[in-house]
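Trainee: Take a look at work-v1.pdb, PDB, C-alpha atoms:
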MODEL        1
ATOM      1  CA  MET A  35       6.007  15.569  14.675
ATOM      2  CA  GLY A  36       9.297  14.118  13.437
ATOM      3  CA  TYR A  37      11.283  11.198  14.814
ATOM      4  CA  PRO A  38      13.352  13.298  17.295
ATOM      5  CA  GLU A  39      10.219  14.900  18.747
ATOM      6  CA  LEU A  40       8.365  11.580  18.819
ATOM      7  CA  SER A  41      11.297   9.876  20.535
ATOM      8  CA  GLN A  42      11.361  12.555  23.195
ATOM      9  CA  TYR A  43       7.567  12.425  23.573
ATOM     10  CA  LEU A  44       7.683   8.649  24.077
ATOM     11  CA  GLY A  45      10.655   8.874  26.433
ATOM     12  CA  MET A  46      13.008   6.966  24.126
ATOM     13  CA  GLN A  47      16.715   7.683  24.216
ATOM     14  CA  HIS A  48      18.441   7.874  20.843
ATOM     15  CA  GLY A  49      20.231   4.629  20.065
ATOM     16  CA  LYS A  50      18.631   2.740  22.965
ATOM     17  CA  ILE A  51      15.524   1.383  21.240
ATOM     18  CA  CYS A  52      15.846  -0.377  17.910
ATOM     19  CA  ARG A  53      12.227  -1.092  17.183
ATOM     20  CA  ILE A  54       8.990  -0.862  19.036
ATOM     21  CA  CYS A  55       5.358  -1.571  18.264
ATOM     22  CA  PHE A  56       2.432   0.251  19.797
ATOM     23  CA  CYS A  57      -0.772  -1.658  19.283
ATOM     24  CA  SER A  58      -3.263   0.523  21.121
ATOM     25  CA  ARG A  59      -6.487   0.139  19.185
ATOM     26  CA  GLY A  60      -8.439   2.115  21.789
ATOM     27  CA  ASP A  61      -6.588   5.444  21.776
ATOM     28  CA  ILE A  62      -6.126   6.960  18.316
ATOM     29  CA  GLN A  63      -3.289   9.110  19.687
ATOM     30  CA  LYS A  64      -1.245   5.989  20.519
ATOM     31  CA  ASP A  65      -2.324   3.694  17.699
ATOM     32  CA  GLY A  66       0.408   2.825  15.234
ATOM     33  CA  ILE A  67       3.997   1.760  14.886
ATOM     34  CA  VAL A  68       7.177   3.532  15.879
ATOM     35  CA  ILE A  69      10.380   2.220  14.344
ATOM     36  CA  SER A  70      13.766   3.845  14.684
ATOM     37  CA  TYR A  71      15.207   4.911  11.335
ATOM     38  CA  ASN A  72      18.389   2.915  11.986
ATOM     39  CA  SER A  73      16.711  -0.423  12.629
ATOM     40  CA  PHE A  74      15.451  -1.262   9.143
ATOM     41  CA  GLY A  75      16.066  -0.607   5.468
ATOM     42  CA  VAL A  76      19.357   0.598   4.090
ATOM     43  CA  ASN A  77      20.182   2.222   7.447
ATOM     44  CA  ALA A  78      20.123  -1.057   9.355
ATOM     45  CA  ALA A  79      23.293  -2.916  10.134
ATOM     46  CA  GLY A  80      24.158  -6.311   8.700
ATOM     47  CA  VAL A  81      21.571  -8.972   8.055
ATOM     48  CA  TYR A  82      18.536  -6.780   8.871
ATOM     49  CA  GLY A  83      19.037  -4.193   6.115
ATOM     50  CA  MET A  84      16.267  -5.173   3.709
ATOM     51  CA  GLY A  85      13.298  -3.534   5.454
ATOM     52  CA  LYS A  86      11.711  -6.681   6.811
ATOM     53  CA  THR A  87      11.776  -5.375  10.400
ATOM     54  CA  ALA A  88       9.052  -2.972   9.305
ATOM     55  CA  VAL A  89       7.046  -5.860   7.790
ATOM     56  CA  HIS A  90       7.420  -7.811  11.061
ATOM     57  CA  GLU A  91       6.265  -4.851  13.189
ATOM     58  CA  VAL A  92       3.285  -4.172  10.914
ATOM     59  CA  GLY A  93       2.384  -7.840  11.437
ATOM     60  CA  HIS A  94       2.280  -7.222  15.209
ATOM     61  CA  TRP A  95       0.213  -4.085  14.716
ATOM     62  CA  LEU A  96      -2.263  -6.092  12.642
ATOM     63  CA  GLY A  97      -2.726  -8.729  15.337
ATOM     64  CA  LEU A  98       0.012 -11.304  14.770
ATOM     65  CA  ARG A  99       2.219 -12.838  17.431
ATOM     66  CA  HIS A 100       5.665 -14.298  16.908
ATOM     67  CA  ILE A 101       5.406 -17.628  15.136
ATOM     68  CA  TRP A 102       6.625 -19.492  18.241
ATOM     69  CA  GLY A 103       3.869 -17.853  20.325
ATOM     70  CA  ASP A 104       6.418 -16.189  22.653
ATOM     71  CA  ALA A 105       6.793 -19.422  24.637
ATOM     72  CA  TYR A 106       8.654 -22.703  24.170
ATOM     73  CA  CYS A 107       6.531 -24.636  21.631
ATOM     74  CA  GLY A 108       3.939 -21.907  22.043
ATOM     75  CA  ASP A 109       0.956 -21.129  19.874
ATOM     76  CA  ASP A 110       0.577 -17.988  17.814
ATOM     77  CA  GLY A 111      -3.172 -18.593  17.493
ATOM     78  CA  VAL A 112      -3.085 -19.144  13.733
ATOM     79  CA  ASP A 113      -4.137 -22.600  12.528
ATOM     80  CA  ASP A 114      -1.798 -22.905   9.550
ATOM     81  CA  THR A 115       1.463 -22.026  11.317
ATOM     82  CA  PRO A 116       3.340 -24.899  12.966
ATOM     83  CA  ARG A 117       4.435 -24.783  16.568
ATOM     84  CA  GLN A 118       8.150 -24.253  16.927
ATOM     85  CA  ALA A 119      10.489 -24.183  19.909
ATOM     86  CA  SER A 120      11.646 -20.574  19.688
ATOM     87  CA  TYR A 121      12.919 -17.865  17.363
ATOM     88  CA  THR A 122      15.402 -18.690  14.635
ATOM     89  CA  ILE A 123      18.904 -17.240  14.408
ATOM     90  CA  GLY A 124      20.608 -16.785  11.054
ATOM     91  CA  CYS A 125      19.113 -18.210   7.882
ATOM     92  CA  PRO A 126      18.809 -22.012   7.982
ATOM     93  CA  THR A 127      18.887 -23.965   4.740
ATOM     94  CA  ASP A 128      17.601 -27.284   6.018
ATOM     95  CA  ILE A 129      14.451 -28.580   7.699
ATOM     96  CA  ARG A 130      14.562 -27.931  11.442
ATOM     97  CA  VAL A 131      12.026 -30.085  13.284
ATOM     98  CA  THR A 132      10.963 -28.964  16.783
ATOM     99  CA  CYS A 133       7.803 -29.413  18.841
ATOM    100  CA  GLY A 134       6.598 -32.344  16.728
ATOM    101  CA  ASN A 135       6.188 -30.242  13.586
ATOM    102  CA  ALA A 136       7.494 -32.898  11.166
ATOM    103  CA  PRO A 137       7.674 -33.388   8.259
ATOM    104  CA  TYR A 138       7.880 -29.682   7.312
ATOM    105  CA  GLY A 139       9.529 -28.305  10.446
ATOM    106  CA  ASP A 140       9.899 -24.735  11.674
ATOM    107  CA  MET A 141       8.574 -21.968   9.458
ATOM    108  CA  TYR A 142      11.705 -19.827   9.784
ATOM    109  CA  MET A 143      10.944 -18.083   6.489
ATOM    110  CA  ASN A 144       7.840 -16.507   8.053
ATOM    111  CA  PHE A 145       7.898 -12.740   8.600
ATOM    112  CA  MET A 146       6.913 -13.289  12.237
ATOM    113  CA  ASP A 147      10.143 -15.149  13.041
ATOM    114  CA  VAL A 148      13.351 -13.128  13.476
ATOM    115  CA  THR A 149      15.660 -14.790  10.972
ATOM    116  CA  ASN A 150      17.872 -12.673   8.744
ATOM    117  CA  ASP A 151      15.958 -10.435   6.337
ATOM    118  CA  GLY A 152      17.127 -12.417   3.307
ATOM    119  CA  CYS A 153      15.425 -15.492   4.740
ATOM    120  CA  LEU A 154      12.015 -13.929   5.529
ATOM    121  CA  LYS A 155       9.614 -14.437   2.652
ATOM    122  CA  MET A 156       6.016 -15.133   3.688
ATOM    123  CA  PHE A 157       2.874 -14.839   5.738
ATOM    124  CA  THR A 158       0.521 -17.835   5.756
ATOM    125  CA  HIS A 159      -3.066 -17.613   4.519
ATOM    126  CA  GLY A 160      -4.250 -17.732   8.143
ATOM    127  CA  GLN A 161      -1.961 -14.859   9.103
ATOM    128  CA  LYS A 162      -3.240 -12.825   6.139
ATOM    129  CA  GLU A 163      -6.831 -13.429   7.224
ATOM    130  CA  ARG A 164      -6.062 -12.357  10.804
ATOM    131  CA  MET A 165      -4.405  -9.142   9.582
ATOM    132  CA  ARG A 166      -7.342  -8.390   7.276
ATOM    133  CA  GLY A 167      -9.636  -8.750  10.285
ATOM    134  CA  PHE A 168      -7.822  -5.867  12.008
ATOM    135  CA  ILE A 169      -8.264  -3.447   9.137
TER     136      ILE A 169
ENDMDL
END
Please express what this file holds, its structure, as structure tokens.
Mentor:
Amino acid sequence: MGYPELSQYLGMQHGKICRICFCSRGDIQKDGIVISYNSFGVNAAGVYGMGKTAVHEVGHWLGLRHIWGDAYCGDDGVDDTPRQASYTIGCPTDIRVTCGNAPYGDMYMNFMDVTNDGCLKMFTHGQKERMRGFI
């Protein structure tokens, strides 16, 4: 099944969904990741053209949450990631302290944030261990 057939099967309309993650560990027919060809890699527009959207979505598939825990100062459930207020826009170059995470601040360079691709560089050891646990 190719992308057009899969999109139709999943009820997606072309151009309407950029990226999506299906994390159904129970049903082998629905287990995996679906990512539109135009939302990552050389086909992506602007600051998301380096393929890191795929890395981010694989992180979700392997059990990771967004680094801010999907809530203001939330918890992603990984001990070595700091709490941070929310997602990060752009690619900061300074320390951004939120939620009492001084002195190091937000981990905006983490693949599970949504900063520009050029800024995303790492998973923590705790995140790696969680992902290994899903394999």
Trainee: Rank nothing, just name the residue among A:Gly66, A:Gly85, A:Gly111, A:Gly80 nearest to Arg164 of chain A, using only C-alpha atoms.
Mentor: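 For Arg164 of chain A, the nearest of the given residues is A:Gly111.
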Trainee: What does the structure give for the distance between atom CA of Gly134 of chain A and atom CA of Met165 of chain A, in Å to one decimal?
Mentor: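 According to the coordinates, atom CA of Gly134 of chain A and atom CA of Met165 of chain A are separated by 26.7 Å.
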Trainee: Restricting the calculation to all atoms listed in the file, which member of A:Ile169, A:Val131, A:Val89, A:Met146 is positioned closest to Val112 of chain A?
Mentor: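 Between A:Ile169, A:Val131, A:Val89, A:Met146, the residue approaching Val112 of chain A most closely is A:Met146.
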Trainee: Record the distance separating atom CA of Glu91 of chain A and atom CA of Phe145 of chain A, expressed in Å with one decimal.
Mentor: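 Distance between the two atoms: 9.3 Å.
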Trainee: Between A:Ile129, A:Met141, A:Val68, A:Leu154, which is the closest to Asp114 of chain A once you count only C-alpha atoms?
Mentor: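 Closest to Asp114 of chain A, using only C-alpha atoms: A:Met141.
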Trainee: Just to confirm, what's the straight-line distance from atom CA of Arg166 of chain A to atom CA of Leu98 of chain A in Å (one decimal)?
Mentor: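 Atom CA of Arg166 of chain A sits 10.9 Å away from atom CA of Leu98 of chain A.
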Trainee: Which residues are near Gly108 of chain A? Cut-off 10 Å, only C-alpha atoms, ignore same chain within fewer than 3 positions. Put them as number ranges by chain.
Mentor: A: 100-105, 111, 116-120, 133
Trainee: The selected residues should be written to file as a compact mmCIF listing (two decimals), keeping the file's coordinate frame (atoms: C-alpha atoms).
Mentor:
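Okay, this is what ended up in part23.txt:
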# COMPACT_ATOMS: atom_id res chain seq x y z
CA HIS A 100 5.66 -14.30 16.91
CA ILE A 101 5.41 -17.63 15.14
CA TRP A 102 6.62 -19.49 18.24
CA GLY A 103 3.87 -17.85 20.32
CA ASP A 104 6.42 -16.19 22.65
CA ALA A 105 6.79 -19.42 24.64
CA GLY A 111 -3.17 -18.59 17.49
CA PRO A 116 3.34 -24.90 12.97
CA ARG A 117 4.43 -24.78 16.57
CA GLN A 118 8.15 -24.25 16.93
CA ALA A 119 10.49 -24.18 19.91
CA SER A 120 11.65 -20.57 19.69
CA CYS A 133 7.80 -29.41 18.84
Trainee: Between A:Lys155, A:Asp147, A:Arg130, A:Ile123, which has the minimum distance to His94 of chain A (counting all atoms listed in the file)?
Mentor: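 Comparing A:Lys155, A:Asp147, A:Arg130, A:Ile123 against His94 of chain A, the winner is A:Asp147.
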Trainee: I need the residue set behind the PyMOL selection byres ((chain A and resi 127) around 12) for this file; please write it as a PDB file with C-alpha atoms, in the frame of the given file.
Mentor:
ATOM      1  CA  THR A 122      15.402 -18.690  14.635  1.00  0.00           C
ATOM      2  CA  ILE A 123      18.904 -17.240  14.408  1.00  0.00           C
ATOM      3  CA  GLY A 124      20.608 -16.785  11.054  1.00  0.00           C
ATOM      4  CA  CYS A 125      19.113 -18.210   7.882  1.00  0.00           C
ATOM      5  CA  PRO A 126      18.809 -22.012   7.982  1.00  0.00           C
ATOM      6  CA  ASP A 128      17.601 -27.284   6.018  1.00  0.00           C
ATOM      7  CA  ILE A 129      14.451 -28.580   7.699  1.00  0.00           C
ATOM      8  CA  ARG A 130      14.562 -27.931  11.442  1.00  0.00           C
ATOM      9  CA  GLY A 139       9.529 -28.305  10.446  1.00  0.00           C
ATOM     10  CA  ASP A 140       9.899 -24.735  11.674  1.00  0.00           C
ATOM     11  CA  MET A 141       8.574 -21.968   9.458  1.00  0.00           C
ATOM     12  CA  TYR A 142      11.705 -19.827   9.784  1.00  0.00           C
ATOM     13  CA  MET A 143      10.944 -18.083   6.489  1.00  0.00           C
ATOM     14  CA  THR A 149      15.660 -14.790  10.972  1.00  0.00           C
ATOM     15  CA  GLY A 152      17.127 -12.417   3.307  1.00  0.00           C
ATOM     16  CA  CYS A 153      15.425 -15.492   4.740  1.00  0.00           C
TER      17      CYS A 153
END
